[in-house]
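Peer 1: Quick one: the structure is below, and I'll ask about it shortly.
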Amino acid sequence: MPQTDTSAPVIKDQSDFYWESLSGGRLVFQYCLSCGEKRFPFRMSCSRCGSFEHSIEQSAGTGVVVSHTRVEKPLIGTFTKPYHVVLVELDEGVRMLGVLKGTAPAPLIGSRVVASFNSESPSPLCFIPDGQSDAS
Amino acid sequence: MVSGVSIVGIGATDFSKNSGRSELQLAVEAITDCLRDAGASPEDVDGLSTFTMNETSELDIRREIGMPDLRFFTRVPFGGGGGCGTIAMAAMAIKSGIAKSVVAYRSLNTASKIRFGSGDLVPPPESGDQRLFVNVGLMTPASRVGMTAQYYLHKFGLPDTAYAPFALTAREYAATNPAAFYYKRPLSLEEYLDAPWISHPLRRFDCCQESDGAVAILITSDERAKDFCGVPIKVAACAQSCGFDQIGLAQYWSEDMLELPEIPGLVRQLQEQSGIEVNTVDAAMLYDHFTPLVALQLEQFGFCEPGEATGFAADGQLRLGGALPLNTHGGHLGEAYLHGMSHICEAVRQLRGEAINQILEVETLLVASAAATPNSALILTRH
Ligand SMILES: [Zn+2]
């Protein structure tokens with residue numbers, strides 16, 4: 001049985017902590033204290049061992065592109081022109097989604113990227129091809 | 001086990017891009033057509049089964065159809081994944097004795113009212129996994145599937161034209177089907193390539209249409225089936241399955257992101273119930289929301305080896321006379337998008353021997369609902 005800590009703050013959604021950290025420029029994931037599984041997206045319990053006990057770890061923000069898609073027709077006002085979404089496997093071993101920033105026409109699967117937060121993109125998390133500057 | 005249950009009637013409205021009628025009216029028209037097909041009257045039906053997403057009320061359906069006794073009514077969640085599940089619910093109610101005969105139906109104005117592909121149904125990104133997708137601009141099903149489809153091409157070294165044969169085959173079937181939106185309008189490779197990108201590598205014709213219309217299917221026991229006029233089609237198996245750690249249309253966090261985590265559970269149940277190896281059926285009606293997901297279904301239901309489905313389609317194996325005739329009505333890509341319910345109707349027509357694009361020898365058929373979501377499937381056979 002999971003122990004309920006009644007003094008803990010009320011969590012509306014278990015991913016709140018991820019989004020709050022992102023807005024502070026920190027890329028975080030969960031780490032199962034029972035079996036060591038690294039976990040993302042945020043979940044209450046570990047899908048491998050069932051434990052609710054976990055810590056929050058910070059990623060260095062570097063990784064490789066697992067896949068990508070260029071969305072041609074923006075649908076929501078904040079995304080105003082075609083944009084490239086990338087699925088990135090971070091070096092810590094968890095995958096995250098972000099919008100590709102920079103001038104490269106298409107990221108190659110397997111190419112290295114770095115996380116970027118101080119962006120004008122509507123996405124709170126972007127990735128830049130390794131070696132390109134954040135200014136583009 | 002569900003043995004002893006049959007489909008005895010199918011009905012539909014016309015399929016269009018602007019029905020000009022309410023979803024209630026469409027549902028009533030389809031159910032009336034279904035009862036006519038079965039030679040049934042409203043007194044014969046005491047159950048209704050539909051999708052949680054359906055926007056009509058059972059109260060209204062009962063009143064407008066004039067059903068004197070409505071004792072069983074249920075809904076299946078997860079959008080298109082629930083299609084064959086509506087038949088499974090009906091079968092369980094009939095087998096348990098709760099209901100005599102159940103109408104499963106779906107009525108929707110997705111072309112003229114709420115377009116799934118427009119992001120209209122995107123919930124506010126406040127919680128859960130939706131927030132992950134919406135915040136990076138993966139608002140639509142097509143954009144989420146694009147990510148998976150790109151990875152498939154990369155993994156198997158295929159060109160970005162690899163999915164074309166699925167679209168072309170569907171449009172070939174639709175071209176001879178008067179009920180299809182693309183009736184008399186086959187698709188050339190050139191037109192396929194010239195169509196706009198939606199979300200790479202998906203082009204316009206890799207994506208299902210959005211349509212207005214309704215479909216209804218009447219299910220009853222084998223004993224009662226004799227009271228109706230048509231040839232009853234046997235529900236040899238019906239199953240629902242939800243994958244572990246499944247995320248709808250985006251299995252990005254699975255070790256293998258091409259995995260359709262609900263499929264092994266479907267295959268196991270279908271085989272246990274029917275005694276039929278799923279990959280030995282004579283034909284299939286597979287949910288064609290997006291061509292890459294048809295490829296993954298063909299592979300994961302066991303009709304092809306991993307990476308071979310696009311070649312299988314290019315070889316003509318999905319056509320009449322091929323190894324596995326697929327979606328012979330034109331499916332969602334060619335006929336209309338009715339959340340997979342029209343696929344069940346086409347399976348029934350094939351087994352009755354009255355399809356427009358009739359398969360010469362067909363005894364067993366697989367029907368599967370929306371892959372990559374919590375899902376459902378059927379094996380239908382002749383008696
Ligand atoms: Zn664990």
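Ligands are numbered from 1 in the order shown, chains are lettered A, B, ... in the order of the structure tokens, and residues start at 1 in each chain.
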Considering only C-alpha atoms, give me a table of residues in chain A that are at most 6 Å from chain B, with the closest atom pair and distance in Å for each, as JSON lines.
Peer 2:
{"residue": "A:Asp13", "atom": "CA", "partner": "B:Ser127", "partner_atom": "CA", "distance": 5.7}
{"residue": "A:Ser67", "atom": "CA", "partner": "B:Tyr151", "partner_atom": "CA", "distance": 5.4}
{"residue": "A:His68", "atom": "CA", "partner": "B:Met147", "partner_atom": "CA", "distance": 5.2}
{"residue": "A:Thr69", "atom": "CA", "partner": "B:Met147", "partner_atom": "CA", "distance": 5.1}
{"residue": "A:Arg70", "atom": "CA", "partner": "B:His200", "partner_atom": "CA", "distance": 5.2}
{"residue": "A:Val71", "atom": "CA", "partner": "B:Ser199", "partner_atom": "CA", "distance": 4.3}
{"residue": "A:Glu72", "atom": "CA", "partner": "B:Ile198", "partner_atom": "CA", "distance": 5.5}
{"residue": "A:Gly98", "atom": "CA", "partner": "B:Val136", "partner_atom": "CA", "distance": 5.7}
{"residue": "A:Val99", "atom": "CA", "partner": "B:Val136", "partner_atom": "CA", "distance": 5.9}
{"residue": "A:Ser123", "atom": "CA", "partner": "B:Val136", "partner_atom": "CA", "distance": 5.0}
Peer 1: For chain A versus ligand 1, which residues have an atom no more than 10 Å away, and what is each residue's nearest atom pair and distance in Å rounded to one decimal, using only C-alpha atoms and all ligand atoms, chain-then-number order, as CSV?
Peer 2:
residue,atom,partner,partner_atom_place_in_ligand_line,distance
A:Tyr31,CA,ligand 1,1 (Zn),8.0
A:Cys32,CA,ligand 1,1 (Zn),4.7
A:Leu33,CA,ligand 1,1 (Zn),6.7
A:Ser34,CA,ligand 1,1 (Zn),5.1
A:Cys35,CA,ligand 1,1 (Zn),4.0
A:Gly36,CA,ligand 1,1 (Zn),5.9
A:Glu37,CA,ligand 1,1 (Zn),5.2
A:Lys38,CA,ligand 1,1 (Zn),8.3
A:Arg39,CA,ligand 1,1 (Zn),8.8
A:Ser45,CA,ligand 1,1 (Zn),7.7
A:Cys46,CA,ligand 1,1 (Zn),4.5
A:Ser47,CA,ligand 1,1 (Zn),6.6
A:Arg48,CA,ligand 1,1 (Zn),5.1
A:Cys49,CA,ligand 1,1 (Zn),4.1
A:Gly50,CA,ligand 1,1 (Zn),5.9
A:Ser51,CA,ligand 1,1 (Zn),5.4
A:Phe52,CA,ligand 1,1 (Zn),8.0
A:Glu53,CA,ligand 1,1 (Zn),8.2
A:His54,CA,ligand 1,1 (Zn),8.3
Peer 1: By how many Å are CA of Ala38 (chain B) and CA of Ile10 (chain B) apart?
Peer 2: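 CA of Ala38 (chain B) sits 7.4 Å away from CA of Ile10 (chain B).
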Peer 1: Quick one: pick out all strand (DSSP E or B) residues within region 2-119 of chain A from a backbone DSSP run and write them as a PyMOL selection string.
Peer 2: chain A and resi 28-32+38-39+54-58+62-71+83-90+95-100+112-116
Peer 1: How about saving the chosen residues, N, CA and C atoms kept, as a compact mmCIF listing (two decimals), in the first residue's frame?
Peer 2:
# COMPACT_ATOMS: atom_id res chain seq x y z
N VAL A 28 13.21 18.05 -16.23
CA VAL A 28 13.23 17.04 -15.17
C VAL A 28 12.44 15.79 -15.55
N PHE A 29 12.83 14.70 -14.89
CA PHE A 29 12.09 13.44 -15.07
C PHE A 29 12.05 12.75 -13.71
N GLN A 30 11.29 11.66 -13.64
CA GLN A 30 11.17 10.94 -12.38
C GLN A 30 12.16 9.77 -12.35
N TYR A 31 12.55 9.40 -11.13
CA TYR A 31 13.47 8.28 -10.93
C TYR A 31 12.87 7.39 -9.85
N CYS A 32 12.62 6.13 -10.19
CA CYS A 32 12.00 5.22 -9.22
C CYS A 32 13.01 4.83 -8.14
N LYS A 38 14.01 5.05 -14.87
CA LYS A 38 13.84 6.47 -15.16
C LYS A 38 12.51 6.64 -15.87
N ARG A 39 11.75 7.66 -15.47
CA ARG A 39 10.34 7.69 -15.89
C ARG A 39 9.94 9.02 -16.51
N HIS A 54 9.56 8.01 -5.49
CA HIS A 54 10.44 8.45 -6.58
C HIS A 54 11.12 9.75 -6.23
N SER A 55 12.21 10.03 -6.93
CA SER A 55 12.86 11.33 -6.81
C SER A 55 12.73 12.02 -8.16
N ILE A 56 13.06 13.32 -8.16
CA ILE A 56 13.04 14.10 -9.39
C ILE A 56 14.50 14.32 -9.80
N GLU A 57 14.81 14.01 -11.04
CA GLU A 57 16.18 14.19 -11.53
C GLU A 57 16.19 15.25 -12.62
N GLN A 58 17.31 15.93 -12.75
CA GLN A 58 17.42 16.96 -13.78
C GLN A 58 18.27 16.44 -14.94
N THR A 62 20.79 17.24 -23.27
CA THR A 62 21.39 16.80 -24.53
C THR A 62 20.88 15.41 -24.89
N GLY A 63 20.75 15.17 -26.19
CA GLY A 63 20.26 13.86 -26.60
C GLY A 63 20.26 13.71 -28.11
N VAL A 64 19.60 12.64 -28.59
CA VAL A 64 19.53 12.39 -30.04
C VAL A 64 18.08 12.33 -30.50
N VAL A 65 17.87 12.70 -31.76
CA VAL A 65 16.54 12.67 -32.35
C VAL A 65 16.12 11.21 -32.62
N VAL A 66 14.99 10.82 -32.05
CA VAL A 66 14.45 9.48 -32.30
C VAL A 66 13.55 9.51 -33.52
N SER A 67 12.71 10.55 -33.60
CA SER A 67 11.88 10.75 -34.78
C SER A 67 11.41 12.20 -34.81
N HIS A 68 10.72 12.55 -35.89
CA HIS A 68 10.31 13.94 -36.05
C HIS A 68 9.15 14.01 -37.02
N THR A 69 8.40 15.10 -36.97
CA THR A 69 7.38 15.35 -37.98
C THR A 69 7.26 16.85 -38.17
N ARG A 70 7.13 17.26 -39.43
CA ARG A 70 6.94 18.67 -39.72
C ARG A 70 5.44 18.89 -39.91
N VAL A 71 4.85 19.67 -39.04
CA VAL A 71 3.41 19.94 -39.11
C VAL A 71 3.21 21.12 -40.04
N TYR A 83 5.99 23.95 -38.43
CA TYR A 83 7.00 23.76 -37.40
C TYR A 83 7.34 22.29 -37.33
N HIS A 84 8.51 22.03 -36.77
CA HIS A 84 9.05 20.69 -36.73
C HIS A 84 9.04 20.21 -35.28
N VAL A 85 8.35 19.11 -35.04
CA VAL A 85 8.34 18.55 -33.68
C VAL A 85 9.31 17.37 -33.64
N VAL A 86 10.11 17.32 -32.59
CA VAL A 86 11.08 16.21 -32.47
C VAL A 86 10.84 15.41 -31.19
N LEU A 87 11.03 14.11 -31.33
CA LEU A 87 11.04 13.22 -30.17
C LEU A 87 12.52 12.94 -29.90
N VAL A 88 12.97 13.30 -28.70
CA VAL A 88 14.40 13.23 -28.40
C VAL A 88 14.66 12.24 -27.27
N GLU A 89 15.63 11.37 -27.47
CA GLU A 89 16.07 10.51 -26.37
C GLU A 89 17.23 11.22 -25.68
N LEU A 90 16.96 11.69 -24.47
CA LEU A 90 17.99 12.40 -23.72
C LEU A 90 19.09 11.43 -23.29
N ARG A 95 12.76 9.90 -23.00
CA ARG A 95 12.40 10.61 -24.23
C ARG A 95 11.47 11.78 -23.92
N MET A 96 11.70 12.88 -24.64
CA MET A 96 10.84 14.06 -24.48
C MET A 96 10.54 14.67 -25.83
N LEU A 97 9.40 15.37 -25.87
CA LEU A 97 8.97 16.06 -27.09
C LEU A 97 9.31 17.53 -27.01
N GLY A 98 9.74 18.09 -28.14
CA GLY A 98 9.96 19.53 -28.20
C GLY A 98 9.85 20.00 -29.64
N VAL A 99 9.88 21.31 -29.80
CA VAL A 99 9.85 21.88 -31.15
C VAL A 99 11.29 22.17 -31.57
N LEU A 100 11.61 21.85 -32.82
CA LEU A 100 12.97 22.07 -33.32
C LEU A 100 13.16 23.55 -33.63
N ARG A 112 22.38 14.78 -33.02
CA ARG A 112 22.38 15.29 -31.65
C ARG A 112 21.72 16.66 -31.57
N VAL A 113 21.02 16.87 -30.48
CA VAL A 113 20.35 18.15 -30.24
C VAL A 113 20.53 18.55 -28.77
N VAL A 114 20.30 19.84 -28.53
CA VAL A 114 20.42 20.39 -27.17
C VAL A 114 19.12 21.12 -26.83
N ALA A 115 18.67 20.98 -25.59
CA ALA A 115 17.44 21.65 -25.16
C ALA A 115 17.63 23.16 -25.07
N SER A 116 16.53 23.86 -25.36
CA SER A 116 16.56 25.33 -25.30
C SER A 116 15.25 25.81 -24.68
Peer 1: Which residues, written as a PyMOL selection string, have at least one atom at most 8 Å from Val215 (chain B), with only C-alpha atoms counted and residues fewer than 5 positions away on the same chain left out?
Peer 2: chain B and resi 10-13+27+30-31+105-107+338+341-342
Peer 1: If we count only C-alpha atoms, what is near Thr169 (chain B) at a cut-off of 9 Å, once residues fewer than 5 positions away on the same chain are taken out, given as a compact mmCIF listing (two decimals) with N, CA and C atoms, in the first residue's frame?
Peer 2:
# COMPACT_ATOMS: atom_id res chain seq x y z
N ALA B 164 2.04 5.14 -50.19
CA ALA B 164 1.11 5.42 -51.29
C ALA B 164 0.22 4.24 -51.69
N ALA B 174 -12.96 2.25 -53.81
CA ALA B 174 -14.01 3.27 -53.67
C ALA B 174 -14.56 3.69 -55.03
N PRO B 186 -10.73 7.31 -58.88
CA PRO B 186 -9.51 6.65 -58.40
C PRO B 186 -8.39 7.67 -58.25
N LEU B 187 -7.38 7.30 -57.51
CA LEU B 187 -6.27 8.20 -57.22
C LEU B 187 -5.02 7.72 -57.96
N ALA B 313 1.48 -4.29 -49.89
CA ALA B 313 0.43 -3.48 -50.55
C ALA B 313 0.84 -3.14 -51.98
N ALA B 314 2.11 -2.79 -52.17
CA ALA B 314 2.57 -2.42 -53.51
C ALA B 314 2.48 -3.60 -54.48
N GLY B 316 0.10 -5.59 -54.67
CA GLY B 316 -1.29 -5.85 -55.00
C GLY B 316 -1.95 -6.90 -54.12
N LEU B 318 -3.46 -6.57 -51.44
CA LEU B 318 -4.68 -6.10 -50.76
C LEU B 318 -5.85 -5.98 -51.73
N ARG B 319 -5.58 -6.23 -53.01
CA ARG B 319 -6.64 -6.15 -54.01
C ARG B 319 -7.43 -7.45 -54.06
N LEU B 326 -8.46 -6.12 -48.67
CA LEU B 326 -8.58 -5.24 -47.49
C LEU B 326 -9.52 -4.08 -47.79
N GLY B 330 -13.59 0.57 -49.80
CA GLY B 330 -12.81 1.80 -49.93
C GLY B 330 -12.41 2.37 -48.57
Peer 1: Using only C-alpha atoms, which residues sit within 9 Å of Gly81 (chain B) once same-chain residues fewer than 5 positions away are excluded, as a PDB file with N, CA and C atoms, in the first residue's frame?
Peer 2:
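Result file is result_21.pdb:
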ATOM      1  N   VAL B  76     -19.361   2.570 -25.406  1.00  0.00           N
ATOM      2  CA  VAL B  76     -17.969   2.127 -25.329  1.00  0.00           C
ATOM      3  C   VAL B  76     -17.050   3.340 -25.491  1.00  0.00           C
ATOM      4  N   GLN B 240     -12.169  -6.864 -26.771  1.00  0.00           N
ATOM      5  CA  GLN B 240     -11.628  -5.532 -26.495  1.00  0.00           C
ATOM      6  C   GLN B 240     -10.233  -5.729 -25.914  1.00  0.00           C
ATOM      7  N   TYR B 287      -9.077  -0.699 -39.651  1.00  0.00           N
ATOM      8  CA  TYR B 287      -9.343   0.729 -39.461  1.00  0.00           C
ATOM      9  C   TYR B 287      -8.243   1.547 -40.128  1.00  0.00           C
ATOM     10  N   HIS B 339     -16.171   6.049 -38.188  1.00  0.00           N
ATOM     11  CA  HIS B 339     -15.580   5.490 -36.970  1.00  0.00           C
ATOM     12  C   HIS B 339     -15.530   3.962 -37.013  1.00  0.00           C
ATOM     13  N   GLY B 340     -15.266   3.430 -38.208  1.00  0.00           N
ATOM     14  CA  GLY B 340     -15.052   1.987 -38.349  1.00  0.00           C
ATOM     15  C   GLY B 340     -16.305   1.148 -38.448  1.00  0.00           C
ATOM     16  N   ALA B 368     -11.177  -4.925 -37.499  1.00  0.00           N
ATOM     17  CA  ALA B 368     -10.512  -4.312 -36.339  1.00  0.00           C
ATOM     18  C   ALA B 368     -10.807  -2.824 -36.310  1.00  0.00           C
ATOM     19  N   SER B 369     -11.003  -2.309 -35.114  1.00  0.00           N
ATOM     20  CA  SER B 369     -11.283  -0.886 -34.924  1.00  0.00           C
ATOM     21  C   SER B 369      -9.972  -0.110 -34.776  1.00  0.00           C
ATOM     22  N   ALA B 370     -10.065   1.112 -34.245  1.00  0.00           N
ATOM     23  CA  ALA B 370      -8.945   2.061 -34.336  1.00  0.00           C
ATOM     24  C   ALA B 370      -7.672   1.590 -33.654  1.00  0.00           C
ATOM     25  N   ALA B 371      -6.719   1.160 -34.454  1.00  0.00           N
ATOM     26  CA  ALA B 371      -5.425   0.723 -33.944  1.00  0.00           C
ATOM     27  C   ALA B 371      -4.718   1.876 -33.259  1.00  0.00           C
ATOM     28  N   ALA B 372      -3.845   1.532 -32.317  1.00  0.00           N
ATOM     29  CA  ALA B 372      -3.062   2.493 -31.543  1.00  0.00           C
ATOM     30  C   ALA B 372      -3.915   3.245 -30.525  1.00  0.00           C
ATOM     31  N   THR B 373      -5.093   2.692 -30.229  1.00  0.00           N
ATOM     32  CA  THR B 373      -5.900   3.188 -29.112  1.00  0.00           C
ATOM     33  C   THR B 373      -6.416   1.949 -28.368  1.00  0.00           C
ATOM     34  N   PRO B 374      -6.974   2.109 -27.163  1.00  0.00           N
ATOM     35  CA  PRO B 374      -7.674   0.964 -26.557  1.00  0.00           C
ATOM     36  C   PRO B 374      -8.740   0.518 -27.549  1.00  0.00           C
ATOM     37  N   ASN B 375      -8.726  -0.739 -27.918  1.00  0.00           N
ATOM     38  CA  ASN B 375      -9.283  -1.135 -29.207  1.00  0.00           C
ATOM     39  C   ASN B 375     -10.198  -2.349 -29.094  1.00  0.00           C
ATOM     40  N   SER B 376     -10.789  -2.729 -30.217  1.00  0.00           N
ATOM     41  CA  SER B 376     -11.687  -3.883 -30.265  1.00  0.00           C
ATOM     42  C   SER B 376     -11.652  -4.490 -31.660  1.00  0.00           C
ATOM     43  N   ALA B 377     -12.062  -5.761 -31.755  1.00  0.00           N
ATOM     44  CA  ALA B 377     -12.014  -6.455 -33.045  1.00  0.00           C
ATOM     45  C   ALA B 377     -13.007  -7.606 -33.063  1.00  0.00           C
TER      46      ALA B 377
END
Peer 1: One decimal, Å: what's the distance from CA of Leu266 (chain B) over to CA of Gly321 (chain B), could you say?
Peer 2: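 Atom-to-atom, CA of Leu266 (chain B) to CA of Gly321 (chain B), that is 26.7 Å.
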